[in-house]
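S.K.: The structure's right below; bear with me while I get my questions together.
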Amino acid sequence: MNFKRDLLINNLGIKEEVLNLCEEAEKELQEEFEKLKEVREYNQYKVLNVMQECRLSDTHFNWTTGYGYNDIGREKTEEIYAKLFNAEDAIVRPIIVNGTHALSLCLTGLLRPNDEILSVTGKPYDTLEETIGIRESKGSLKEFGITYNQVDFLENGSIDYDGIKEKINERTKMVFIQRSKGYSWRDSLSIEDIKKVVDLVKSVNENIIIMTDNCYGEFIETKEPTEVGVDIMAGSLIKNPGGGLALTGGYIVGKKELVELISYRLTSPGIGKECGLTFGTTRNVLQGLFMAPSVVSQAVMGAILCAKMFEKLDYEVCPKSNERRSDIIQIVKLNSAQEIIDFCKGIQAAAPVDSYVSPEPWAMPGYDSDVIMAAGAFIQGSSIELSADAPIKEPYCVYFQGGLTYEHSKFGVMKGISQILK
């Protein structure tokens with residue numbers, strides 16, 4: 001008797017035809033999985049090398065209190081992040097509540113009245129729209145006289161380099177690059193894509209600040225955006241770099257003078273990054289960072305499997321199972337709102353935490369339509385753990401990501417497809 005098959009079919013609710021489909025897909029994907037090994041190993045040794053060079057010690061895991069002056073754990077964490085991302089300085093804090101907060105700190109810390117921000121990757125992720133003022137909101141950049149412009153992708157999905165040249169003007173203070181696809185049907189940007197944008201913008205005006213939203217993109221390739229000329233970059237610790245162990249937080253890395261300006265928004269002018277407790281989270285943050293290259297690679301394997309299984313069921317996917325990747329997200333275009341809901345219910349049922357809960361669409365703050373989110377995670381909202389989400393609107397795309405282990409990501413895909421077929 002095959003005990004694994006028996007457990008999956010009789011105890012965990014996987015349809016036999018879905019299990020067969022998964023086994024077929026895995027056999028066809030061995031070459032794609034093998035390609036990930038070199039990137040995973042390189043990034044693992046890269047992280048290890050930086051931690052050794054920075055002389056990380058167990059004394060850096062100790063607590064401080066009050067203002068957090070001389071918090072050696074905080075200082076060491078930021079030293080490691082700066083060196084790892086080939087940047088001059090870093091802010092890594094548990095008081096940054098999510099990726100949007102980290103990005104918002106950069107925007108509000110660096111832009112001034114009459115400045116203009118130019119997004120060269122179309123409209124940014126939904127939750128930044130109110131920060132910028134694309135959608136009216138109290139306290140937006142728009143209220144402070146900061147204007148916004150954007151360059152959409154070409155019809156073939158490529159970056160519009162001519163459009164970027166045309167829209168840069170004397171008020172352009174910042175060029176914004178969103179690496180991940182967000183809620184849009186497009187390829188995420190590779191490091192090569194980002195370098196081309198950097199080179200173009202700097203050739204027009206070397207003083208323009210180039211900022212990258214690196215959420216979901218860390219450790220996918222052997223280089224990061226700040227290694228190819230990006231001036232400032234931000235992301236979330238409960239996505240890729242937290243490795244599933246960081247309890248909360250976000251990071252900002254880049255040029256020292258820019259990080260300093262942002263630190264005055266983080267705390268207050270005159271105080272900057274000299275204060276701020278880490279609340280005993282340093283060990284989780286750094287152990288998660290150490291685990292991140294392996295965890296991210298496992299999540300990418302799960303995304304590739306998801307693409308392959310849906311391809312075999314004749315669904316459209318982006319990217320395809322054999323295409324390059326620059327984030328952990330897999331898009332699947334389903335046939336209806338009900339299929340989105342069914343798939344997400346399957347992902348929720350596959351979770352180790354709150355598997356008994358049934359997710360439903362709701363009007364989540366920061367989005368312009370009802371959204372459904374499935375995630376039974378050890379860390380609330382952790383996108384590096386198995387999850388799926390989607391706006392409930394056409395073209396009915398669901399966004400699948402994460403899995404601390406390949407086996408869990410694989411189980412989630414099987415559970416989601418079984419729920420659709422049910």
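Residue numbering restarts at 1 for every chain of the structure tokens, chains are lettered A, B, ... in their displayed order, and ligands are numbered from 1 as they appear.
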For the contact check between range 217-245 of chain A and range 253-265 of chain A, emit one row per residue of range 217-245 of chain A within 12 Å, containing the shortest atom pair and the distance in Å rounded to one decimal, counting only C-alpha atoms, chain then rising number order, as a tab-separated table.
M.R.:
residue	atom	partner	partner_atom	distance
A:Glu224	CA	A:Val253	CA	11.0
A:Pro225	CA	A:Gly254	CA	10.0
A:Thr226	CA	A:Gly254	CA	6.8
A:Glu227	CA	A:Gly254	CA	9.9
A:Val228	CA	A:Gly254	CA	11.6
A:Gly229	CA	A:Gly254	CA	9.7
A:Val230	CA	A:Gly254	CA	7.7
A:Asp231	CA	A:Gly254	CA	5.4
A:Ile232	CA	A:Gly254	CA	4.3
A:Met233	CA	A:Val253	CA	5.4
A:Ala234	CA	A:Val253	CA	6.4
A:Gly235	CA	A:Val253	CA	9.1
A:Ser236	CA	A:Val253	CA	11.8
S.K.: With a distance cut-off of 8 Å and only C-alpha atoms, select the neighbouring residues of Gly242 in chain A, excluding the residue or stretch itself and same-chain residues fewer than 4 positions from it, and output the selection as a PyMOL selection string.
M.R.: chain A and resi 236-238+246+285-286+288-289+292
S.K.: Those selected residues, please, written with C-alpha atoms and delivered as a compact mmCIF listing (two decimals), in the first residue's frame.
M.R.:
# COMPACT_ATOMS: atom_id res chain seq x y z
CA SER A 236 8.56 43.40 4.08
CA LEU A 237 10.07 41.00 6.60
CA ILE A 238 7.00 38.76 6.50
CA ALA A 246 10.39 37.17 11.36
CA VAL A 285 14.80 38.38 11.97
CA LEU A 286 18.34 37.16 11.40
CA GLY A 288 14.76 34.03 9.16
CA LEU A 289 17.18 35.86 6.86
CA ALA A 292 15.33 32.78 3.43
S.K.: Name the residues of range 382-413 of chain A that fall into strand (DSSP E) according to DSSP on the backbone, using the chain letters and numbers of this document, as a VMD selection string.
M.R.: chain A and resid 387 to 391 397 to 401
S.K.: Identify, on the basis of only C-alpha atoms, every residue whose closest approach to Lys202 in chain A does not exceed 12 Å; exclude the query and any residue fewer than 3 positions from it along the same chain; express the result as a ChimeraX atom specification.
M.R.: /A:164-165,168,174-175,195-199,205-210,228-231
S.K.: Could you take the residues named above and write them with N, CA and C atoms, as a PDB file, in the first residue's frame?
M.R.:
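Saved the output as result05.pdb:
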ATOM      1  N   ILE A 164       9.355  56.547 -20.977  1.00  0.00           N
ATOM      2  CA  ILE A 164      10.066  57.035 -19.790  1.00  0.00           C
ATOM      3  C   ILE A 164      10.833  58.313 -20.118  1.00  0.00           C
ATOM      4  N   LYS A 165      11.544  58.298 -21.238  1.00  0.00           N
ATOM      5  CA  LYS A 165      12.299  59.486 -21.657  1.00  0.00           C
ATOM      6  C   LYS A 165      11.389  60.695 -21.833  1.00  0.00           C
ATOM      7  N   ILE A 168       9.988  62.115 -18.241  1.00  0.00           N
ATOM      8  CA  ILE A 168      10.910  62.731 -17.284  1.00  0.00           C
ATOM      9  C   ILE A 168      10.985  64.222 -17.577  1.00  0.00           C
ATOM     10  N   MET A 174      11.719  61.522  -8.440  1.00  0.00           N
ATOM     11  CA  MET A 174      11.883  60.095  -8.187  1.00  0.00           C
ATOM     12  C   MET A 174      11.273  59.275  -9.308  1.00  0.00           C
ATOM     13  N   VAL A 175      11.965  58.230  -9.708  1.00  0.00           N
ATOM     14  CA  VAL A 175      11.410  57.207 -10.597  1.00  0.00           C
ATOM     15  C   VAL A 175      11.141  55.975  -9.753  1.00  0.00           C
ATOM     16  N   LYS A 195      18.004  47.062 -14.331  1.00  0.00           N
ATOM     17  CA  LYS A 195      19.265  47.727 -14.701  1.00  0.00           C
ATOM     18  C   LYS A 195      19.094  48.605 -15.938  1.00  0.00           C
ATOM     19  N   LYS A 196      18.308  48.140 -16.902  1.00  0.00           N
ATOM     20  CA  LYS A 196      18.074  48.925 -18.110  1.00  0.00           C
ATOM     21  C   LYS A 196      17.353  50.225 -17.777  1.00  0.00           C
ATOM     22  N   VAL A 197      16.385  50.161 -16.867  1.00  0.00           N
ATOM     23  CA  VAL A 197      15.673  51.377 -16.450  1.00  0.00           C
ATOM     24  C   VAL A 197      16.634  52.323 -15.743  1.00  0.00           C
ATOM     25  N   VAL A 198      17.440  51.774 -14.816  1.00  0.00           N
ATOM     26  CA  VAL A 198      18.406  52.596 -14.079  1.00  0.00           C
ATOM     27  C   VAL A 198      19.347  53.314 -15.045  1.00  0.00           C
ATOM     28  N   ASP A 199      19.908  52.578 -15.980  1.00  0.00           N
ATOM     29  CA  ASP A 199      20.868  53.171 -16.923  1.00  0.00           C
ATOM     30  C   ASP A 199      20.219  54.266 -17.768  1.00  0.00           C
ATOM     31  N   ASN A 205      19.094  62.086 -16.312  1.00  0.00           N
ATOM     32  CA  ASN A 205      19.353  62.966 -15.167  1.00  0.00           C
ATOM     33  C   ASN A 205      19.863  62.111 -14.017  1.00  0.00           C
ATOM     34  N   GLU A 206      21.146  62.197 -13.741  1.00  0.00           N
ATOM     35  CA  GLU A 206      21.758  61.332 -12.726  1.00  0.00           C
ATOM     36  C   GLU A 206      21.301  61.665 -11.309  1.00  0.00           C
ATOM     37  N   ASN A 207      20.642  62.815 -11.119  1.00  0.00           N
ATOM     38  CA  ASN A 207      20.191  63.219  -9.784  1.00  0.00           C
ATOM     39  C   ASN A 207      18.817  62.658  -9.413  1.00  0.00           C
ATOM     40  N   ILE A 208      18.115  62.069 -10.363  1.00  0.00           N
ATOM     41  CA  ILE A 208      16.810  61.472 -10.059  1.00  0.00           C
ATOM     42  C   ILE A 208      17.005  60.275  -9.135  1.00  0.00           C
ATOM     43  N   ILE A 209      16.197  60.215  -8.087  1.00  0.00           N
ATOM     44  CA  ILE A 209      16.243  59.083  -7.159  1.00  0.00           C
ATOM     45  C   ILE A 209      15.477  57.913  -7.779  1.00  0.00           C
ATOM     46  N   ILE A 210      16.118  56.755  -7.843  1.00  0.00           N
ATOM     47  CA  ILE A 210      15.442  55.561  -8.360  1.00  0.00           C
ATOM     48  C   ILE A 210      15.107  54.657  -7.181  1.00  0.00           C
ATOM     49  N   VAL A 228      22.486  46.930  -8.873  1.00  0.00           N
ATOM     50  CA  VAL A 228      22.553  47.392 -10.270  1.00  0.00           C
ATOM     51  C   VAL A 228      22.191  48.867 -10.390  1.00  0.00           C
ATOM     52  N   GLY A 229      22.343  49.616  -9.283  1.00  0.00           N
ATOM     53  CA  GLY A 229      22.206  51.061  -9.365  1.00  0.00           C
ATOM     54  C   GLY A 229      20.970  51.685  -8.763  1.00  0.00           C
ATOM     55  N   VAL A 230      20.038  50.889  -8.223  1.00  0.00           N
ATOM     56  CA  VAL A 230      18.859  51.462  -7.557  1.00  0.00           C
ATOM     57  C   VAL A 230      19.322  52.197  -6.303  1.00  0.00           C
ATOM     58  N   ASP A 231      18.775  53.397  -6.067  1.00  0.00           N
ATOM     59  CA  ASP A 231      19.219  54.249  -4.967  1.00  0.00           C
ATOM     60  C   ASP A 231      18.601  53.875  -3.625  1.00  0.00           C
TER      61      ASP A 231
END
S.K.: Given the choices A:Leu56, A:Val300, A:Leu245, A:Ile417, which gets closest to Ala377 in chain A if the distance is worked out from only C-alpha atoms?
M.R.: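 Result for the nearest residue to Ala377 in chain A: A:Leu245.
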S.K.: For the atom pair CA of Gln287 in chain A and CA of Gln44 in chain A, what is the interatomic distance in Å to one decimal place?
M.R.: 12.2 Å
